[in-house]
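Input: a single structure, listed below in C-alpha cells.
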Amino acid sequence: MATSPTEPTSLASPDGAGAARTPYSPFALLNDEPVAEPGADLLGAGRAACQLAGLLVASRQSTPFTLAVDAGWGMGKSSLMRLVDAELAQAPEVHTVWYNAWTSTGADALEGLIKSVLMRFDRRVLRRGLQRVSERRALLRFARALTTVAAGPLGVAGLVDELWKSLSINSQARNEMRGAIGELVQEWSETTEFRPRRLLVVFIDDLDRCSEETVLAVCEAVKVYLDVPGLAFVVGCDRSALGPNGLLRDLSPAGSAFMEKIFQTSYRIPAPDGQGVKDYIRWCARTAGVEALLDEALVDLLAERSGRNPRRIKRLMNGFVLEATLNPVWRDFGPGAVIRTLLLQYFYPDFYRMMTGPSGTVDGDVVTEFRTYREVRRTLLSAAGGASPEELAVVRGFLAPYDLVPPEPLGAGGDVALAALERQLPNEFPNLVVNPAFTSLVDELTALPDAAQLLLRLREGPLGSGGEPTPMSREWEPLWRGLPLPFPDGSASGFGPPLAWRGDGTPWGYPAQGAPPQQAPTPPPGQAAPPQYAWPAAEVTQSPYGQSQPYPEQQPYGQGQPYGQPQPYAQPPQAPAPYRPPLDVLWVDDQPDRKTVVREVLETLGAQVRHESTSRAAARAIRDRRPDLLISDISRGSDRTAGFDMVARLKRDGAYDGPVIFYTIRQSPEREERAAELGAHLTNNEQRLRDLVVAALQEQARPAAYPAPAAPQAGSSPPPLAPPVRELSVLWVDECPGDSLFGLVTELRGEGAAIDLVNNDRDALEWLAAHPVDLVLSEVARFADKYEDGDGGFAFAERLRDEAGYRGPLGFFTSLVTPAREERARELGALGVTDDPVVVREWADEVAWGLRERPRWPGRS
C-alpha cells in the first residue's frame with residue numbers, strides 16, 4: 001500500500017519491539033539552488049535584476065550583443081540571472097532560453113547551444129527555414145525536398161534536428177549557417193505590427209566551470225553563428241577565470257583577440273553590504289535550527305571569513321549542522337571551535353589534513369609546529385643582536401630535530417638557516433606564514449579554552465563510550481533551552497555529538513518523551529513555507545553509536561539495468577574475457593586508519609591490497625610474493641625517514657625494483673627530492689594518488705592475456721626474492737632478554753638462522769673463539785654482580801676487536817636511545833643503536849645479503 005505524501009513513514013523502534021516512531025530532528029540542511037523569485041531574495045539582488053531587465057528590453061534594437069554577469073564562485077551570478085529572467089517574463093514580446101554550458105563538452109557545446117536557440121522558434125518558422133536551406137543547395141535539392149515532405153508531421157525537435165543536419169553537413173553549409181539563422185530570427189522576431197520586435201534573450205550559465213575546448217565552442221557559437229539581430233546573450237562567468245591566467249592561458253594571440261570580441265559589456269556583481277550579509281547568516285541559522293548558538297561575535301566571524309559569499313555561508317552552515325549532529329568530538333567544545341575548525345577545513349584543506357592526521361611531527365601537533373616555525377622565522381630574519389636569549393633558545397630547540405644550528409650571530413646567515421629549515425617543513429608552511437587571514441585564524445583557534453585538548457581529539461577522535469558519561473559543554477546550552485524538552489541543567493549528559501537525536505524526538509542521553517512538533521524551516525520574507533513530506537521507508541540497521549539508522553539497500557556495482565533501458569531478450573554467447581590478474585599492491589603504513597583514502601582508492605580500482613605496519617613485515621611479505629606496486633608512508637613513530645630507509649634497503653638488496661608511491665600527509669621539498677632519488681613518486685593528494693595507481697595498473701597490463709592461474713602443487717612455494725637467513729650465524733649478548741627479543745629470535749630461527757644467546761661478555765668471547773659468527777648483537781647496559789654499567793656494551797665491543805679479533809658487523813639494542821649512545825656507536829663503526837626489533841631484523845637481512853660494506857670491519861673472523 002502506497003504511503004501518503006503527507007503521512008509520516010514509521011520505522012521500527014530501536015529496541016526491536018516494533019513500535020512505530022517518526023524520524024525527527026529540529027535541525028535542517030540548506031539547499032544551494034539559485035534564487036528564482038523576487039520574494040526569496042535576501043541580499044538585494046532583485047533591485048539590480050529589475051534594472052538589468054529594463055536595460056535589456058530597451059536595448060532590443062541594439063541586438064546582437066553579449067552581456068557578461070561577472071562574479072566569483074558562489075557570489076550569486078545564477079540567482080541574478082534567474083531574477084532577470086523572472087522580470088523579463090513580464091515584458092511584451094520578450095522570450096528567454098537557458099543553456100548550461102557545464103552540461104556539454106567540446107564540440108557538443110556548439111551544437112547544443114545552437115539547437116537550444118532554434119528550439120525556441122515556432123514550428124512554421126522552422127519548416128520554412130528548412131525549405132529555404134534545401135532550395136539553396138542545388139546538389140541536394142531532391143534529397144532535401146524529400147526530407148521536407150517527410151518532415152511534415154515532425155514536431156519542433158525533429159525539425160531542429162533536420163535543420164542542424166542541413167546546416168552542418170560540410171564546411172560550405174557551415175559558412176551559410178549564420179545567414180540562415182539570421183533569416184530565421186528575422187522571421188520569428190517580426191510581429192504582426194512589426195513593433196516591438198520580438199527579443200530572444202539567451203542565458204548561458206557556468207561557462208567558467210568548463211574546459212577550454214567547451215569555452216571556445218560556446219564562444220564560437222555566440223560570435224560566429226548566432227551573432228544576428230534579435231538575439232541577446234547574458235553569460236554568467238568569472239571573467240578572471242576566462243582570462244590569460246585562467247582557463248585560456250594557452251591561447252594563441254589570435255585566440256586571445258577573438259575572446260576579447262565576445263563580451264561587449266560586463267556587470268560585476270558587488271559583494272553584499274555588511275548588514276545584509278549578517279541578516280542572511282541569521283536567516284540561514286534560523287532555517288537550519290541553530291540560530292540560538294550564533295551570538296554576534298560568531299555572526300561577525302562568519303561574515304568576515306566567508307568573504308561575504310552566500311554559497312560559502314550556506315556551506316559553512318550545513319557543515320556546522322552536520323559536524324554538531326554527527327561528530328562526538330564536539331560534545332566537549334563549543335560552537336566557536338566548530339566554526340573555526342570548519343574554516344580551516346574548507347579554506348586550508350592541506351593544513352587541515354595535517355592537523356587531523358599523521359603530520360610527521362614528533363608529537364603530531366602540527367599547529368604548535370607551525371606557530372613555533374612562525375616565531376623562529378621572525379627571529380632568524382631579525383637583525384643581528386635583536387633576539388633575546390629566550391628567543392634564541394626557542395630557535396635552537398626548534399632547529400635541533402632537523403639537524404640544524406642557528407648562525408652565530410644571526411646577522412645575514414639567518415636567511416640561509418631558514419631556507420635549510422623550510423626544505424624540511426611542509427610545502428604549505430612558507431606560504432601560510434605570510435597569510436594574515438590564516439595566521440589569525442590559527443591564533444583564534446589556539447586561544448580557545450581547552451585548545452590543546454581540542455587539537456588532540458581532532459587527531460585521535462572522540463574518547464568513545466568506554467568510560468563514564470561526561471557532561472556536555474555549556475556553550476550548547478542556549479540551544480537546549482529553546483527546545484520544548486525538559487533539560488534540568490541546560491545540557492545533556494551521556495555520549496555522542498551535541499546535536500544528535502535518537503530519531504524519536506529525544507537527544508542522546510535522555511529517555512524518550514515524545515517527539516516535539518515538527519517545525520518547517522523558516523521561509524524567507526514573501527515566500528510560502530515548503531510542504532512537509534514523509535520520510536521514505538528504508539532498511540533499519542544498527543549504527544556503531546547505538547542509534548537505529550536507515551540505510552538504503554544497494555546493489556553491487558555493475559548489476560541491474562540503467563533506468564529506462566529495456567532488458568534484452570537474448571544475447572549471443574560470448575567468449576569469456578581474458579584473465580588478467582588484479583594489481584597486487586603492498587601498502588605499508590603504521591596508521592592505516594588515519595589514511596583510509598589509500599584503501600578506498602585501491603579497492604575502487606580493483607586492486608588486491610596487502611597491508612603491513614612495519615618495514616620488517618613488509619620485507620617478509622615481499623619475500624613471500626613480489627607486489628606490482630608498493631605504497632608506503634614515510635614517518636613511523638619517532639623515525640621520520642622509516643619509509644625512505646625501507647625502500648632504499650629493498651632496492652639496494654634487489655628485493656624490489658618496481659614502482660613506489662609515498663603517500664604522506666606531510667609533503668616537503670626535501671621529501672620530494674628524496675623520493676625522486678629513489679625513483680619513487682610522493683603525494684598527499686587523493687586524485688594524484690589515483691592517477692599514479694592507474695598508471696601502475698596500465699604499466700602492468702600486457703598485450704597478451706594472462707593464462708588463468710594454475711592451482712599450486714602440493715608442497716610447492718614461490719622462490720624467495722631475498723636471500724634466506726638460514727645460513728646466518730648470530731651471537732646475541734643480553735643479560736635480561738625481553739619478550740620482543742624472544743619474538744624476533746623465534747622468527748629468525750624459524751627461517752633457519754643460527755641464533756646463539758649468551759648473557760655475559762666472557763661466554764660471548766669464548767663462543768667467538770670457537771665458532772664463526774656473521775653478526776653480533778649486544779645490549780648496551782651491563783648489570784653483572786649487581787653493578788650497573790650503563791655503557792658496558794661499548795666496552796665489550798672494544799674487547800671484541802682487541803681480544804677476539806672480530807671485524808664483522810655489530811649492532812646495539814637498548815631500551816633507551818640517546819644522542820650520546822648513537823655517537824658512540826658510530827665511533828665504533830657499528831650498524832647503529834636502536835630500541836626497535838624491526839631495525840634489528842633489517843640488520844639481519846642486510847648481513848644475510850652480504851651487501852653491506854664496512855671498510856673498518858672488512859670481514860668475519
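Chain labels run A, B, ... following the order of the C-alpha cells; each chain numbers its residues from 1, and ligands are numbered from 1 in the order shown.
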
Residue list (alpha helix (DSSP H), DSSP) for region 185-415 of chain A, as a ChimeraX atom specification: /A:185-189,212-220,253-260,274-288,296-305,310-326,335-347,349-356,366-380,389-399,414-415

Requested write-out: C-alpha atoms of the selected residues, as a tab-separated table (two decimals), in the first residue's frame:
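Output saved as again04.tsv:
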```tsv
chain	number	residue	atom	x	y	z
A	185	VAL	CA	15.48	35.05	-36.27
A	186	GLN	CA	14.28	37.89	-38.51
A	187	GLU	CA	11.14	35.99	-39.50
A	188	TRP	CA	10.44	34.96	-35.91
A	189	SER	CA	11.06	38.41	-34.44
A	212	GLU	CA	39.00	25.36	-22.63
A	213	GLU	CA	37.56	23.42	-25.56
A	214	THR	CA	33.98	23.90	-24.35
A	215	VAL	CA	34.50	27.61	-23.66
A	216	LEU	CA	35.82	28.18	-27.17
A	217	ALA	CA	32.97	26.16	-28.72
A	218	VAL	CA	30.33	28.23	-26.88
A	219	CYS	CA	32.03	31.49	-27.84
A	220	GLU	CA	32.25	30.33	-31.45
A	253	PRO	CA	47.44	35.75	-29.64
A	254	ALA	CA	44.79	35.37	-32.33
A	255	GLY	CA	42.62	33.33	-29.96
A	256	SER	CA	43.01	35.92	-27.21
A	257	ALA	CA	41.98	38.68	-29.63
A	258	PHE	CA	38.91	36.63	-30.61
A	259	MET	CA	37.89	36.23	-26.95
A	260	GLU	CA	38.08	39.99	-26.39
A	274	GLY	CA	27.81	44.05	5.76
A	275	GLN	CA	24.45	44.28	7.47
A	276	GLY	CA	22.73	42.40	4.66
A	277	VAL	CA	25.21	39.55	4.99
A	278	LYS	CA	24.67	39.36	8.76
A	279	ASP	CA	20.89	39.21	8.26
A	280	TYR	CA	21.44	36.49	5.67
A	281	ILE	CA	23.59	34.49	8.11
A	282	ARG	CA	20.91	34.76	10.78
A	283	TRP	CA	18.25	33.64	8.32
A	284	CYS	CA	20.38	30.63	7.35
A	285	ALA	CA	20.92	29.77	11.02
A	286	ARG	CA	17.22	30.16	11.77
A	287	THR	CA	16.28	27.92	8.85
A	288	ALA	CA	18.83	25.32	9.94
A	296	GLU	CA	27.00	38.40	17.46
A	297	ALA	CA	30.69	37.52	17.58
A	298	LEU	CA	30.18	34.29	15.61
A	299	VAL	CA	27.96	36.07	13.08
A	300	ASP	CA	30.73	38.64	12.56
A	301	LEU	CA	33.27	35.82	12.24
A	302	LEU	CA	31.23	34.08	9.53
A	303	ALA	CA	30.62	37.31	7.64
A	304	GLU	CA	34.32	38.20	7.65
A	305	ARG	CA	35.81	34.78	6.98
A	310	PRO	CA	26.42	33.47	0.07
A	311	ARG	CA	27.38	29.99	-1.09
A	312	ARG	CA	30.23	29.75	1.39
A	313	ILE	CA	27.89	30.87	4.16
A	314	LYS	CA	25.43	28.09	3.32
A	315	ARG	CA	28.24	25.59	3.04
A	316	LEU	CA	29.61	26.56	6.44
A	317	MET	CA	26.14	26.44	8.00
A	318	ASN	CA	25.50	22.95	6.62
A	319	GLY	CA	28.92	21.83	7.78
A	320	PHE	CA	28.19	23.17	11.25
A	321	VAL	CA	24.90	21.25	11.47
A	322	LEU	CA	26.49	18.03	10.19
A	323	GLU	CA	29.52	18.23	12.49
A	324	ALA	CA	27.46	19.05	15.60
A	325	THR	CA	24.92	16.34	14.74
A	326	LEU	CA	27.30	13.52	13.77
A	335	PRO	CA	30.14	26.28	18.51
A	336	GLY	CA	33.07	28.68	18.14
A	337	ALA	CA	35.50	25.76	17.98
A	338	VAL	CA	33.35	24.01	15.36
A	339	ILE	CA	33.15	27.05	13.09
A	340	ARG	CA	36.85	27.90	13.29
A	341	THR	CA	37.78	24.29	12.56
A	342	LEU	CA	35.39	24.26	9.59
A	343	LEU	CA	37.01	27.43	8.26
A	344	LEU	CA	40.38	25.69	8.34
A	345	GLN	CA	38.90	22.59	6.73
A	346	TYR	CA	37.21	24.46	3.86
A	347	PHE	CA	39.75	27.18	3.07
A	349	PRO	CA	42.37	21.76	3.40
A	350	ASP	CA	46.03	20.69	3.15
A	351	PHE	CA	46.83	22.14	6.56
A	352	TYR	CA	43.63	20.65	7.98
A	353	ARG	CA	44.67	17.18	6.79
A	354	MET	CA	47.98	17.57	8.58
A	355	MET	CA	46.23	18.92	11.68
A	356	THR	CA	43.86	15.95	11.93
A	366	VAL	CA	51.32	20.44	13.50
A	367	VAL	CA	49.59	23.57	14.84
A	368	THR	CA	52.24	24.04	17.53
A	369	GLU	CA	54.92	23.26	14.96
A	370	PHE	CA	53.59	25.97	12.63
A	371	ARG	CA	53.28	28.60	15.34
A	372	THR	CA	56.79	27.86	16.58
A	373	TYR	CA	58.08	27.99	13.00
A	374	ARG	CA	56.50	31.43	12.64
A	375	GLU	CA	58.30	32.62	15.76
A	376	VAL	CA	61.61	31.07	14.67
A	377	ARG	CA	61.28	32.59	11.21
A	378	ARG	CA	60.77	36.03	12.72
A	379	THR	CA	63.85	35.59	14.88
A	380	LEU	CA	66.07	34.28	12.07
A	389	PRO	CA	68.25	34.74	24.93
A	390	GLU	CA	64.79	33.21	25.27
A	391	GLU	CA	64.14	33.63	21.55
A	392	LEU	CA	67.49	32.11	20.68
A	393	ALA	CA	66.71	29.14	22.93
A	394	VAL	CA	63.45	28.58	21.04
A	395	VAL	CA	65.34	28.73	17.73
A	396	ARG	CA	67.94	26.20	18.88
A	397	GLY	CA	65.30	23.84	20.22
A	398	PHE	CA	63.26	24.00	17.04
A	399	LEU	CA	66.21	23.54	14.67
A	414	GLY	CA	69.56	33.75	9.29
A	415	ASP	CA	68.01	33.53	5.85
```

Give me, as a ChimeraX atom specification, all polymer residues having an atom no more than 12 Å from region 797-806 of chain A, counting only C-alpha atoms and skipping those fewer than 6 positions away in the same chain. /A:731,733,761-780,791,812,824-825,827-830,856-861

Taking only C-alpha atoms into account, which of A:Ser62, A:Asn327, A:Leu110, A:Val201 comes nearest Ala89 (chain A)? A:Val201

As a ChimeraX atom specification, list the residues of region 253-350 of chain A assigned to strand (DSSP E) by DSSP on the backbone atoms of this structure. /A:265-268
